[in-house]
file start30.cif (mmCIF, C-alpha atoms)
data_structure
#
loop_
_atom_site.label_atom_id
_atom_site.label_comp_id
_atom_site.auth_asym_id
_atom_site.auth_seq_id
_atom_site.Cartn_x
_atom_site.Cartn_y
_atom_site.Cartn_z
CA MET P 1 -4.45 -6.72 -51.83
CA GLN P 2 -3.64 -9.28 -49.17
CA GLY P 3 -1.65 -6.66 -47.29
CA ARG P 4 -4.61 -4.27 -47.24
CA GLY P 5 -6.82 -7.04 -45.89
CA ASP P 6 -4.31 -7.82 -43.16
CA LEU P 7 -4.06 -4.15 -42.18
CA ALA P 8 -7.86 -3.84 -42.07
CA GLU P 9 -8.10 -6.93 -39.88
CA TYR P 10 -5.35 -5.51 -37.64
CA ALA P 11 -7.25 -2.21 -37.26
CA VAL P 12 -10.53 -3.99 -36.46
CA ALA P 13 -8.84 -6.09 -33.79
CA ILE P 14 -7.29 -3.02 -32.15
CA ARG P 15 -10.61 -1.13 -32.16
CA SER P 16 -12.25 -4.07 -30.41
CA PHE P 17 -9.89 -3.95 -27.41
CA SER P 18 -11.76 -3.72 -24.12
CA ARG P 19 -11.56 -0.68 -21.84
CA ASN P 20 -9.31 -2.60 -19.47
CA ALA P 21 -6.99 -3.60 -22.31
CA ARG P 22 -6.67 0.02 -23.46
CA LEU P 23 -5.93 1.25 -19.93
CA PHE P 24 -3.38 -1.50 -19.48
CA ILE P 25 -1.57 -0.41 -22.65
CA VAL P 26 -1.38 3.17 -21.34
CA HIS P 27 -0.02 1.82 -18.06
CA VAL P 28 2.63 -0.16 -19.95
CA ILE P 29 3.87 2.98 -21.74
CA GLY P 30 4.77 4.75 -18.49
CA MET P 31 6.05 1.65 -16.75
CA ASP P 32 8.54 0.74 -19.45
CA THR P 33 9.89 4.25 -19.98
CA VAL P 34 11.71 3.91 -16.67
CA HIS P 35 12.71 0.38 -17.63
CA GLY P 36 14.46 1.77 -20.71
CA THR P 37 16.18 4.42 -18.61
CA SER P 38 17.36 1.88 -16.06
CA LEU P 39 18.70 -0.44 -18.75
CA VAL P 40 21.12 2.29 -19.80
CA LEU P 41 21.97 3.99 -16.54
CA VAL P 42 21.58 1.93 -13.36
CA ASN P 43 24.64 -0.27 -13.85
CA LEU P 44 26.60 2.72 -15.17
CA TYR P 45 25.62 4.61 -12.02
CA PHE P 46 26.98 1.76 -9.90
CA LEU P 47 30.26 1.87 -11.82
CA ALA P 48 30.42 5.67 -11.53
CA VAL P 49 30.16 5.59 -7.71
CA GLY P 50 33.01 3.08 -7.55
CA LEU P 51 31.18 -0.25 -7.28
CA SER P 52 32.64 -3.24 -9.11
CA ILE P 53 31.28 -5.38 -11.93
CA GLU P 54 31.32 -8.31 -9.49
CA PHE P 55 28.97 -6.33 -7.20
CA ILE P 56 26.58 -5.76 -10.12
CA GLY P 57 26.62 -9.49 -10.83
CA LEU P 58 25.94 -10.33 -7.18
CA ARG P 59 23.02 -7.89 -7.07
CA LEU P 60 21.54 -9.44 -10.20
CA LEU P 61 21.99 -12.93 -8.77
CA LEU P 62 20.28 -12.10 -5.47
CA GLY P 63 17.46 -10.36 -7.33
CA GLY P 64 16.99 -13.40 -9.55
CA ILE P 65 16.84 -15.75 -6.57
CA ALA P 66 14.37 -13.49 -4.75
CA GLY P 67 12.16 -13.22 -7.81
CA ALA P 68 12.27 -16.99 -8.29
CA ILE P 69 11.27 -17.68 -4.69
CA CYS P 70 8.38 -15.23 -4.97
CA SER P 71 7.09 -16.30 -8.38
CA VAL P 72 4.58 -18.94 -7.29
CA PRO P 73 3.39 -17.01 -4.19
CA ALA P 74 3.05 -13.90 -6.39
CA GLY P 75 0.81 -15.82 -8.77
CA LEU P 76 -1.37 -16.92 -5.87
CA ILE P 77 -1.51 -13.35 -4.50
CA SER P 78 -2.47 -12.07 -7.96
CA ASP P 79 -5.29 -14.60 -8.08
CA ARG P 80 -6.49 -13.39 -4.69
CA ILE P 81 -6.24 -9.60 -4.98
CA GLY P 82 -6.76 -9.28 -8.74
CA ARG P 83 -4.53 -8.02 -11.53
CA LYS P 84 -5.29 -4.33 -10.85
CA TRP P 85 -3.85 -4.27 -7.35
CA SER P 86 -1.00 -6.52 -8.40
CA PHE P 87 0.05 -3.84 -10.92
CA ILE P 88 -0.38 -1.00 -8.45
CA ILE P 89 1.47 -2.62 -5.55
CA GLY P 90 4.23 -4.05 -7.73
CA ASP P 91 4.90 -0.81 -9.61
CA GLY P 92 4.33 1.59 -6.73
CA VAL P 93 6.78 -0.16 -4.44
CA GLY P 94 9.16 -0.64 -7.37
CA ALA P 95 9.27 3.10 -8.08
CA ALA P 96 9.97 3.85 -4.42
CA LEU P 97 12.79 1.32 -4.34
CA TYR P 98 14.40 2.81 -7.46
CA LEU P 99 14.27 6.20 -5.77
CA ILE P 100 16.16 4.82 -2.78
CA THR P 101 18.64 3.04 -5.06
CA ILE P 102 19.78 6.13 -6.98
CA PHE P 103 20.50 8.13 -3.83
CA SER P 104 22.58 5.50 -2.08
CA VAL P 105 26.09 4.09 -2.37
CA ASP P 106 25.76 1.69 0.55
CA GLN P 107 26.31 -1.83 -0.81
CA GLY P 108 24.09 -3.52 1.77
CA LEU P 109 21.20 -1.19 1.04
CA LEU P 110 21.64 -1.55 -2.72
CA LEU P 111 21.59 -5.33 -2.42
CA ALA P 112 18.43 -5.10 -0.32
CA THR P 113 16.66 -2.81 -2.79
CA GLY P 114 17.62 -5.17 -5.62
CA VAL P 115 16.04 -8.10 -3.77
CA LEU P 116 12.87 -6.19 -2.89
CA ALA P 117 12.53 -4.74 -6.40
CA ALA P 118 12.72 -8.25 -7.85
CA MET P 119 10.05 -9.49 -5.45
CA PHE P 120 7.55 -6.73 -6.20
CA GLY P 121 8.40 -6.73 -9.91
CA THR P 122 7.51 -10.42 -9.96
CA LEU P 123 4.05 -9.62 -8.58
CA HIS P 124 3.46 -7.45 -11.64
CA GLY P 125 5.17 -9.78 -14.08
CA VAL P 126 3.21 -12.93 -13.28
CA SER P 127 -0.06 -10.99 -13.62
CA GLU P 128 0.47 -9.61 -17.12
CA PRO P 129 -0.11 -12.70 -19.31
CA ALA P 130 -3.18 -13.75 -17.34
CA PHE P 131 -4.57 -10.20 -17.42
CA MET P 132 -4.26 -9.95 -21.20
CA ALA P 133 -5.72 -13.41 -21.70
CA GLU P 134 -8.67 -12.54 -19.46
CA ASN P 135 -9.31 -9.21 -21.19
CA SER P 136 -9.27 -10.33 -24.81
CA GLU P 137 -11.02 -12.74 -27.13
CA ALA P 138 -9.13 -15.41 -29.05
CA ARG P 139 -9.47 -13.49 -32.33
CA GLU P 140 -7.76 -10.38 -30.91
CA ARG P 141 -5.34 -11.95 -28.45
CA VAL P 142 -2.23 -11.98 -30.66
CA HIS P 143 -2.95 -8.35 -31.57
CA LEU P 144 -3.23 -7.32 -27.90
CA PHE P 145 0.05 -9.03 -27.03
CA SER P 146 1.59 -7.51 -30.14
CA VAL P 147 0.45 -3.94 -29.48
CA SER P 148 1.40 -4.22 -25.82
CA ASP P 149 4.89 -5.48 -26.64
CA GLY P 150 5.33 -2.89 -29.37
CA LEU P 151 4.37 0.08 -27.22
CA ARG P 152 6.37 -1.35 -24.32
CA THR P 153 9.54 -1.39 -26.39
CA LEU P 154 8.84 2.06 -27.88
CA SER P 155 8.57 3.35 -24.32
CA ALA P 156 11.84 1.62 -23.51
CA MET P 157 13.32 3.43 -26.53
CA VAL P 158 12.23 6.78 -25.10
CA GLY P 159 13.70 5.80 -21.76
CA GLY P 160 16.94 4.74 -23.43
CA LEU P 161 17.24 8.07 -25.22
CA LEU P 162 16.45 9.88 -21.99
CA GLY P 163 19.12 7.93 -20.20
CA GLY P 164 21.66 8.49 -22.93
CA PHE P 165 21.18 12.15 -23.76
CA VAL P 166 20.15 13.93 -20.56
CA PRO P 167 23.66 13.42 -19.13
CA LEU P 168 25.14 14.58 -22.45
CA LEU P 169 23.01 17.72 -22.70
CA ALA P 170 23.59 18.73 -19.08
CA ALA P 171 27.20 17.63 -18.82
CA SER P 172 28.39 21.17 -18.06
CA LEU P 173 26.01 21.58 -15.13
CA ALA P 174 26.92 18.73 -12.80
CA ASP P 175 29.07 15.70 -12.27
CA LYS P 176 28.31 12.34 -13.91
CA VAL P 177 26.78 10.73 -10.79
CA THR P 178 24.37 13.64 -10.28
CA LEU P 179 23.32 13.49 -13.92
CA TYR P 180 22.71 9.75 -13.76
CA ARG P 181 20.54 10.29 -10.69
CA ALA P 182 18.59 13.10 -12.36
CA SER P 183 17.94 11.06 -15.51
CA ILE P 184 16.72 8.04 -13.56
CA PHE P 185 14.55 10.29 -11.38
CA ILE P 186 12.73 11.63 -14.45
CA GLY P 187 12.00 8.07 -15.53
CA ILE P 188 10.71 7.20 -12.05
CA ALA P 189 8.32 10.16 -12.18
CA ILE P 190 6.86 8.85 -15.46
CA TRP P 191 6.61 5.39 -13.92
CA ALA P 192 4.62 6.79 -11.00
CA LEU P 193 2.21 8.49 -13.42
CA SER P 194 1.59 5.12 -15.07
CA LEU P 195 -0.22 4.04 -11.89
CA ILE P 196 -3.14 6.34 -12.81
CA PRO P 197 -4.52 4.14 -15.63
CA ALA P 198 -3.87 1.07 -13.45
CA LEU P 199 -6.12 2.61 -10.78
CA MET P 200 -8.83 3.02 -13.42
CA LEU P 201 -8.96 -0.71 -14.25
CA ARG P 202 -12.25 -2.34 -13.33
CA GLY P 203 -14.42 -5.36 -13.96
CA HIS P 204 -12.63 -8.42 -15.31
CA ASP P 205 -9.33 -8.01 -13.53
CA ARG P 206 -9.42 -11.22 -11.54
CA PRO P 207 -10.07 -14.90 -12.30
CA SER P 208 -13.12 -16.75 -11.15
CA GLU P 209 -13.67 -16.84 -7.40
CA ARG P 210 -14.43 -20.54 -7.77
CA ALA P 211 -10.88 -21.30 -8.84
CA PRO P 212 -8.95 -23.31 -6.21
CA SER P 213 -6.23 -21.41 -4.40
CA GLY P 214 -3.28 -22.14 -2.14
CA ILE P 215 -0.07 -24.09 -2.58
CA ARG P 216 -1.76 -27.48 -2.16
CA HIS P 217 -4.01 -26.71 -5.12
CA LEU P 218 -1.20 -25.40 -7.32
CA PHE P 219 -0.89 -28.51 -9.47
CA ALA P 220 -4.44 -29.77 -9.07
CA ALA P 221 -5.68 -28.23 -12.33
CA VAL P 222 -2.69 -29.20 -14.49
CA ARG P 223 -3.94 -31.43 -17.28
CA HIS P 224 -0.92 -31.22 -19.57
CA PRO P 225 2.16 -31.57 -17.34
CA ASP P 226 4.40 -32.39 -20.31
CA ARG P 227 3.47 -29.12 -22.04
CA VAL P 228 3.94 -27.09 -18.87
CA LEU P 229 7.34 -28.61 -18.07
CA ARG P 230 8.62 -28.26 -21.62
CA LEU P 231 7.54 -24.64 -21.83
CA VAL P 232 9.28 -24.01 -18.51
CA ALA P 233 12.42 -25.84 -19.66
CA VAL P 234 12.74 -23.89 -22.90
CA GLY P 235 12.05 -20.60 -21.14
CA GLY P 236 14.64 -21.45 -18.50
CA MET P 237 17.34 -22.20 -21.06
CA ILE P 238 16.69 -18.93 -22.85
CA ALA P 239 16.78 -17.04 -19.55
CA LEU P 240 20.10 -18.64 -18.58
CA GLY P 241 21.61 -17.69 -21.93
CA PHE P 242 20.21 -14.18 -21.72
CA GLY P 243 21.52 -13.79 -18.18
CA PHE P 244 25.14 -14.21 -19.26
CA VAL P 245 24.94 -10.99 -21.27
CA GLY P 246 21.51 -9.33 -21.26
CA PRO P 247 21.61 -7.48 -17.90
CA LEU P 248 25.25 -6.57 -18.62
CA PHE P 249 25.02 -5.18 -22.15
CA ASN P 250 25.66 -1.67 -20.86
CA VAL P 251 28.70 -2.93 -18.95
CA PHE P 252 30.03 -4.59 -22.12
CA PHE P 253 29.58 -1.42 -24.19
CA SER P 254 31.03 0.81 -21.47
CA GLU P 255 33.94 -1.29 -20.23
CA GLY P 256 34.56 -3.63 -23.17
CA LEU P 257 34.08 -1.16 -26.03
CA HIS P 258 34.68 2.09 -24.08
CA ALA P 259 31.51 3.63 -25.49
CA HIS P 260 30.14 6.93 -24.18
CA THR P 261 26.83 7.06 -22.32
CA HIS P 262 25.02 8.72 -25.24
CA ASP P 263 26.34 6.03 -27.63
CA ILE P 264 24.94 3.35 -25.33
CA GLY P 265 21.63 5.21 -25.12
CA VAL P 266 21.33 5.46 -28.90
CA THR P 267 22.21 1.78 -29.34
CA PHE P 268 19.67 0.65 -26.78
CA ALA P 269 17.02 3.01 -28.14
CA SER P 270 17.62 1.76 -31.69
CA GLY P 271 17.19 -1.81 -30.50
CA SER P 272 13.93 -0.86 -28.81
CA LEU P 273 12.64 0.95 -31.90
CA PHE P 274 13.21 -1.96 -34.25
CA LEU P 275 11.96 -4.45 -31.67
CA ALA P 276 8.76 -2.41 -31.34
CA LEU P 277 8.25 -2.53 -35.10
CA ALA P 278 8.87 -6.29 -35.05
CA ALA P 279 6.39 -6.75 -32.20
CA LEU P 280 3.71 -4.72 -33.98
CA ALA P 281 4.28 -6.84 -37.10
CA ALA P 282 3.92 -10.13 -35.22
CA PRO P 283 0.33 -10.76 -36.42
CA PHE P 284 1.56 -10.61 -40.03
CA LEU P 285 4.28 -13.13 -39.18
CA ALA P 286 1.68 -15.37 -37.52
CA ALA P 287 -0.46 -15.25 -40.66
CA ARG P 288 2.36 -16.50 -42.87
CA MET P 289 4.20 -19.07 -40.75
CA THR P 290 3.29 -21.73 -38.23
CA GLN P 291 4.00 -20.96 -34.59
CA VAL P 292 6.93 -23.35 -34.34
CA GLN P 293 8.48 -22.13 -37.59
CA ALA P 294 8.25 -18.49 -36.49
CA ILE P 295 9.77 -19.01 -33.05
CA VAL P 296 12.50 -21.47 -33.96
CA GLY P 297 13.42 -19.68 -37.19
CA THR P 298 13.82 -16.22 -35.71
CA ARG P 299 15.71 -17.42 -32.63
CA LEU P 300 18.15 -19.49 -34.66
CA LEU P 301 18.79 -16.52 -36.95
CA ALA P 302 19.72 -14.49 -33.84
CA VAL P 303 22.56 -16.85 -32.86
CA PRO P 304 25.19 -15.60 -35.38
CA PHE P 305 24.55 -12.00 -34.34
CA ILE P 306 25.03 -12.89 -30.66
CA LEU P 307 28.48 -14.22 -31.55
CA LEU P 308 29.19 -11.19 -33.74
CA ILE P 309 28.65 -8.81 -30.82
CA GLY P 310 31.08 -10.66 -28.59
CA LEU P 311 33.69 -11.03 -31.31
CA SER P 312 33.36 -7.46 -32.62
CA PRO P 313 36.51 -6.14 -30.86
CA SER P 314 38.64 -8.67 -32.76
CA LEU P 315 36.79 -8.21 -36.07
CA ALA P 316 36.76 -4.42 -36.39
CA THR P 317 39.02 -1.42 -35.92
CA VAL P 318 38.77 0.94 -32.97
CA THR P 319 36.78 3.41 -35.06
CA THR P 320 34.27 0.86 -36.39
CA VAL P 321 33.88 -1.61 -33.52
CA LEU P 322 31.01 0.28 -31.86
CA THR P 323 29.12 0.46 -35.16
CA LEU P 324 29.57 -3.27 -35.80
CA ALA P 325 28.59 -4.24 -32.26
CA GLY P 326 25.68 -1.79 -32.28
CA VAL P 327 24.22 -3.08 -35.55
CA ALA P 328 24.64 -6.67 -34.40
CA TYR P 329 22.94 -5.79 -31.11
CA VAL P 330 19.93 -4.31 -32.90
CA VAL P 331 19.57 -7.28 -35.26
CA ARG P 332 19.96 -9.75 -32.40
CA ILE P 333 17.32 -8.16 -30.21
CA VAL P 334 14.84 -8.06 -33.10
CA LEU P 335 15.36 -11.68 -34.17
CA ALA P 336 15.44 -13.07 -30.64
CA ASN P 337 12.14 -11.39 -29.75
CA ALA P 338 10.31 -11.06 -33.08
CA ALA P 339 7.92 -13.91 -32.34
CA GLY P 340 7.52 -12.96 -28.67
CA PRO P 341 3.89 -11.77 -28.87
CA ILE P 342 2.91 -14.90 -30.80
CA ALA P 343 4.74 -17.04 -28.27
CA GLU P 344 3.11 -15.53 -25.22
CA ALA P 345 -0.40 -15.39 -26.68
CA PHE P 346 -0.44 -19.01 -27.78
CA SER P 347 1.27 -20.28 -24.65
CA MET P 348 -1.82 -19.00 -22.86
CA GLU P 349 -4.23 -20.44 -25.44
CA ILE P 350 -2.79 -23.95 -25.53
CA LEU P 351 -3.09 -24.40 -21.78
CA ASP P 352 -6.31 -24.78 -19.84
CA PRO P 353 -7.22 -21.73 -17.73
CA GLY P 354 -6.33 -23.62 -14.56
CA GLU P 355 -2.83 -24.34 -15.88
CA ARG P 356 -1.88 -20.82 -16.92
CA GLY P 357 -1.02 -19.46 -13.50
CA THR P 358 0.96 -22.56 -12.64
CA MET P 359 2.97 -22.41 -15.85
CA VAL P 360 3.66 -18.68 -15.51
CA GLY P 361 4.74 -19.11 -11.89
CA LEU P 362 7.02 -22.07 -12.62
CA ARG P 363 8.43 -20.38 -15.71
CA SER P 364 9.13 -17.19 -13.81
CA THR P 365 10.84 -19.18 -11.05
CA ALA P 366 13.09 -20.94 -13.56
CA GLN P 367 13.77 -17.78 -15.58
CA GLN P 368 14.68 -15.56 -12.66
CA THR P 369 16.87 -18.16 -10.96
CA LEU P 370 18.77 -19.07 -14.11
CA SER P 371 18.99 -15.49 -15.37
CA GLY P 372 20.48 -14.45 -12.03
CA LEU P 373 22.99 -17.30 -12.12
CA GLY P 374 23.91 -16.42 -15.70
CA ALA P 375 24.36 -12.74 -14.79
CA PHE P 376 26.59 -13.64 -11.86
CA ALA P 377 28.76 -15.86 -14.07
CA GLY P 378 28.80 -13.32 -16.91
CA ALA P 379 29.88 -10.55 -14.54
CA ARG P 380 32.75 -12.68 -13.27
CA PHE P 381 33.97 -13.29 -16.82
CA MET P 382 33.69 -9.61 -17.73
CA ALA P 383 35.42 -8.48 -14.55
CA ALA P 384 38.35 -10.72 -15.55
CA GLY P 385 38.46 -9.07 -18.98
CA ASP P 386 36.80 -11.97 -20.85
CA TYR P 387 33.96 -10.52 -22.92
CA VAL P 388 33.75 -13.39 -25.41
CA THR P 389 32.80 -16.39 -23.26
CA PRO P 390 29.47 -14.91 -22.04
CA PHE P 391 28.36 -14.36 -25.64
CA VAL P 392 29.38 -17.89 -26.63
CA ALA P 393 27.39 -19.30 -23.71
CA MET P 394 24.38 -17.21 -24.72
CA ALA P 395 24.58 -18.37 -28.35
CA VAL P 396 24.90 -22.05 -27.41
CA LEU P 397 21.92 -21.94 -25.05
CA TYR P 398 19.75 -20.07 -27.55
CA GLY P 399 20.61 -22.57 -30.26
CA ALA P 400 20.05 -25.60 -28.02
CA SER P 401 16.70 -24.30 -26.75
CA SER P 402 15.52 -23.72 -30.32
CA VAL P 403 16.47 -27.26 -31.37
CA LEU P 404 14.69 -28.75 -28.37
CA PHE P 405 11.65 -26.63 -29.08
CA TRP P 406 11.49 -27.97 -32.63
CA ILE P 407 11.91 -31.58 -31.48
CA TRP P 408 9.31 -31.29 -28.73
CA PHE P 409 6.62 -29.20 -30.36
CA ARG P 410 6.83 -29.58 -34.13
CA PRO P 411 5.21 -33.08 -34.11
CA LEU P 412 2.46 -31.81 -31.82
CA GLU P 413 1.82 -28.84 -34.08
CA ARG P 414 1.36 -31.15 -37.05
CA THR P 415 -1.22 -33.25 -35.24
CA ALA P 416 -2.97 -30.45 -33.39
CA ALA P 417 -3.13 -27.57 -35.90
CA ALA P 418 -6.76 -27.02 -35.02
CA SER P 419 -5.80 -26.18 -31.43
CA ALA P 420 -3.25 -23.53 -32.61
CA GLY P 421 -0.08 -25.41 -31.59
CA ILE P 422 2.24 -24.65 -28.69
CA VAL P 423 4.80 -21.95 -28.20
CA ALA P 424 7.44 -21.08 -25.71
CA ALA P 425 7.99 -18.09 -23.48
CA PRO P 426 9.81 -15.01 -24.77
CA GLU P 427 13.17 -14.04 -23.31
CA PRO P 428 13.29 -11.35 -20.69
CA ALA P 429 13.33 -7.75 -21.93
CA ALA P 430 16.62 -6.82 -23.27
#

call {"tool": "encode", "arguments": {"input": "start30.cif", "output": "structure tokens"}}
result
Amino acid sequence: MQGRGDLAEYAVAIRSFSRNARLFIVHVIGMDTVHGTSLVLVNLYFLAVGLSIEFIGLRLLLGGIAGAICSVPAGLISDRIGRKWSFIIGDGVGAALYLITIFSVDQGLLLATGVLAAMFGTLHGVSEPAFMAENSEARERVHLFSVSDGLRTLSAMVGGLLGGFVPLLAASLADKVTLYRASIFIGIAIWALSLIPALMLRGHDRPSERAPSGIRHLFAAVRHPDRVLRLVAVGGMIALGFGFVGPLFNVFFSEGLHAHTHDIGVTFASGSLFLALAALAAPFLAARMTQVQAIVGTRLLAVPFILLIGLSPSLATVTTVLTLAGVAYVVRIVLANAAGPIAEAFSMEILDPGERGTMVGLRSTAQQTLSGLGAFAGARFMAAGDYVTPFVAMAVLYGASSVLFWIWFRPLERTAAASAGIVAAPEPAA
């Protein structure tokens, strides 16, 4: 009976979404289809045209630094021009840059497109949490973040399958590089179509005009600096750990496990499917556990599976290693992100409106810098044939961040249950 009541409450919350929230969800579906495609294919395309793993790591590092530098200015720009135009500019330029990327083998140009894509992607990224907070009521906020994350990952699943199977189905028609380009191009076309619902956004897509703006006002409205800094610190540690492996999962499967493109696509799509189900179920998790318990518990449970992926070549035979690593990958991505919608929704709620943009900007700066550094280091290890150390580093950082989160926020949750507690930022999309 309790389950039926929860489902009814879930349905009511979804029906109450504003017009802007519904359009944003449609926009997310198209945007993340190409993200799923790129997760599978872009690095494999670089390898196919003869570029090295070290080059991939350098491109990720430069993109991370560029995104970090632009995070705070992007937040200020978003406040000025509104969330609608932040989405349109960020995604429109991003699609054009991907188009340039897949038709080039020039290293200088590819590094430049990586930097520019990170800059414009940041403009979109820093606007999302504020947009959803501004277009939802407290009673429906977790559900909006949950549905958005769920549909985002389902779209990534479609993109992953597209990236994995289009080259397989058309293998007799063209060479591998041409097929990679064609698959990514299809994803870019869907991404471009996602701009249509973004153009239809209206009304409450910007914060109050009375809000102070400019760098000198950035910290003026921060009333809880300890909360902001701790949220940024935890998010940064997770991003550093994720960076060692996350952007390079396809490299690990391709070069470390010698998996075929369609195997990688199925693995990534499976991870996206189960992650989507976990995201959609987040409100049920929130109803049965405290915020700190949900976030710390699920992230700690992910740590053994992180290690299992990295150690799979030494724990399984040649015929079973891909299955073991694939299953561990799916379980890891679900556990590491299961409480993500809860985390993001309540990180917005616990902070005053004037602090949200500052926290998101600082968190994005820390995440992109540290993720880029982690990716650069992880690529160096993998290029040298060491596929274990990056996973160990990821596991240690995930575990340490979870322990710190418990120490910092569990006492506050006990004394401030009425204010809904505090949560940390989710890891970047895997």

call {"tool": "closest_residue", "arguments": {"input": "start30.cif", "among": "P:Arg223, P:His124, P:Arg380, P:Arg332", "to": "Leu248 of chain P", "atoms": "only C-alpha atoms"}}
result
P:Arg380

call {"tool": "atom_distance", "arguments": {"input": "start30.cif", "atom1": "atom CA of Leu76 of chain P", "atom2": "atom CA of Phe409 of chain P"}}
result
28.5 Å

call {"tool": "resolve_selection", "arguments": {"input": "start30.cif", "expression": "the PyMOL selection byres ((chain P and resi 242) around 10)", "output": "PyMOL selection string"}}
result
chain P and resi 236-241+243-248+367+370-372+374-375+378+390-391+393-395+397-398+427-430

call {"tool": "atom_distance", "arguments": {"input": "start30.cif", "atom1": "atom CA of Glu255 of chain P", "atom2": "atom CA of Lys176 of chain P"}}
result
16.0 Å

call {"tool": "resolve_selection", "arguments": {"input": "start30.cif", "expression": "the PyMOL selection byres ((chain P and resi 64) around 10)", "output": "ChimeraX atom specification"}}
result
/P:58-63,65-70,114-115,118-119,122,243,364-376

call {"tool": "atom_distance", "arguments": {"input": "start30.cif", "atom1": "atom CA of Ala21 of chain P", "atom2": "atom CA of Ser127 of chain P"}}
result
13.3 Å

call {"tool": "closest_residue", "arguments": {"input": "start30.cif", "among": "P:Gly326, P:Arg202, P:Leu308, P:Arg181", "to": "Leu44 of chain P", "atoms": "all atoms listed in the file"}}
result
P:Arg181

call {"tool": "axis_aligned_box", "arguments": {"input": "start30.cif", "around": "segment 230-235 of chain P", "padding_each_side": "4 Å", "output": "AutoDock Vina command-line options"}}
result
--center_x 10.1 --center_y -24.4 --center_z -20.7 --size_x 13.2 --size_y 15.7 --size_z 12.4

call {"tool": "resolve_selection", "arguments": {"input": "start30.cif", "expression": "the PyMOL selection byres ((chain P and resi 300) around 9)", "output": "list in words"}}
result
Ile295, Val296, Gly297, Thr298, Arg299, Leu301, Ala302, Val303, Pro304, Leu335, Ala336, Tyr398, Gly399, Ser402 and Val403 of chain P

call {"tool": "residues_around", "arguments": {"input": "start30.cif", "residues": "Tyr98 of chain P", "least_positions_apart": "4", "cutoff": "10 Å", "atoms": "only C-alpha atoms", "output": "list of chain:residue names"}}
result
P:Val34, P:Ser38, P:Val42, P:Val93, P:Gly94, P:Ile102, P:Phe103, P:Leu110, P:Thr113, P:Gly114, P:Ala117, P:Ile184, P:Phe185, P:Gly187, P:Ile188

call {"tool": "residues_around", "arguments": {"input": "start30.cif", "residues": "segment 224-231 of chain P", "least_positions_apart": "2", "cutoff": "6 Å", "atoms": "only C-alpha atoms", "output": "MDAnalysis selection string"}}
result
chainID P and resid 222 233:234 359 424

call {"tool": "residues_near_point", "arguments": {"input": "start30.cif", "point": "(3.6, -3.3, -8.2)", "cutoff": "10 Å", "atoms": "only C-alpha atoms", "output": "ChimeraX atom specification"}}
result
/P:83-95,117,119-125,195

call {"tool": "build_atoms", "arguments": {"input": "start30.cif", "residues": "segment 381-389 of chain P", "atoms": "N, CA, C and O atoms", "output": "PDB file, in the frame of the given file"}}
result
ATOM      1  N   PHE P 381      33.155 -13.242 -15.595  1.00  0.00           N
ATOM      2  CA  PHE P 381      33.970 -13.290 -16.820  1.00  0.00           C
ATOM      3  C   PHE P 381      34.381 -11.892 -17.251  1.00  0.00           C
ATOM      4  O   PHE P 381      35.545 -11.634 -17.574  1.00  0.00           O
ATOM      5  N   MET P 382      33.406 -10.963 -17.267  1.00  0.00           N
ATOM      6  CA  MET P 382      33.690  -9.610 -17.730  1.00  0.00           C
ATOM      7  C   MET P 382      34.656  -8.886 -16.797  1.00  0.00           C
ATOM      8  O   MET P 382      35.520  -8.128 -17.247  1.00  0.00           O
ATOM      9  N   ALA P 383      34.513  -9.105 -15.492  1.00  0.00           N
ATOM     10  CA  ALA P 383      35.420  -8.480 -14.550  1.00  0.00           C
ATOM     11  C   ALA P 383      36.859  -8.948 -14.762  1.00  0.00           C
ATOM     12  O   ALA P 383      37.817  -8.210 -14.496  1.00  0.00           O
ATOM     13  N   ALA P 384      37.020 -10.173 -15.261  1.00  0.00           N
ATOM     14  CA  ALA P 384      38.350 -10.720 -15.550  1.00  0.00           C
ATOM     15  C   ALA P 384      38.839 -10.314 -16.933  1.00  0.00           C
ATOM     16  O   ALA P 384      39.922 -10.743 -17.351  1.00  0.00           O
ATOM     17  N   GLY P 385      38.054  -9.527 -17.660  1.00  0.00           N
ATOM     18  CA  GLY P 385      38.460  -9.070 -18.980  1.00  0.00           C
ATOM     19  C   GLY P 385      38.046  -9.987 -20.117  1.00  0.00           C
ATOM     20  O   GLY P 385      38.423  -9.765 -21.276  1.00  0.00           O
ATOM     21  N   ASP P 386      37.253 -11.028 -19.826  1.00  0.00           N
ATOM     22  CA  ASP P 386      36.800 -11.970 -20.850  1.00  0.00           C
ATOM     23  C   ASP P 386      35.385 -11.595 -21.269  1.00  0.00           C
ATOM     24  O   ASP P 386      34.415 -11.907 -20.570  1.00  0.00           O
ATOM     25  N   TYR P 387      35.268 -10.934 -22.434  1.00  0.00           N
ATOM     26  CA  TYR P 387      33.960 -10.520 -22.920  1.00  0.00           C
ATOM     27  C   TYR P 387      33.423 -11.441 -24.006  1.00  0.00           C
ATOM     28  O   TYR P 387      32.333 -11.212 -24.521  1.00  0.00           O
ATOM     29  N   VAL P 388      34.160 -12.486 -24.340  1.00  0.00           N
ATOM     30  CA  VAL P 388      33.750 -13.390 -25.410  1.00  0.00           C
ATOM     31  C   VAL P 388      32.955 -14.576 -24.866  1.00  0.00           C
ATOM     32  O   VAL P 388      31.894 -14.925 -25.391  1.00  0.00           O
ATOM     33  N   THR P 389      33.442 -15.191 -23.794  1.00  0.00           N
ATOM     34  CA  THR P 389      32.800 -16.390 -23.260  1.00  0.00           C
ATOM     35  C   THR P 389      31.318 -16.195 -22.933  1.00  0.00           C
ATOM     36  O   THR P 389      30.501 -17.070 -23.255  1.00  0.00           O
TER      37      THR P 389
END
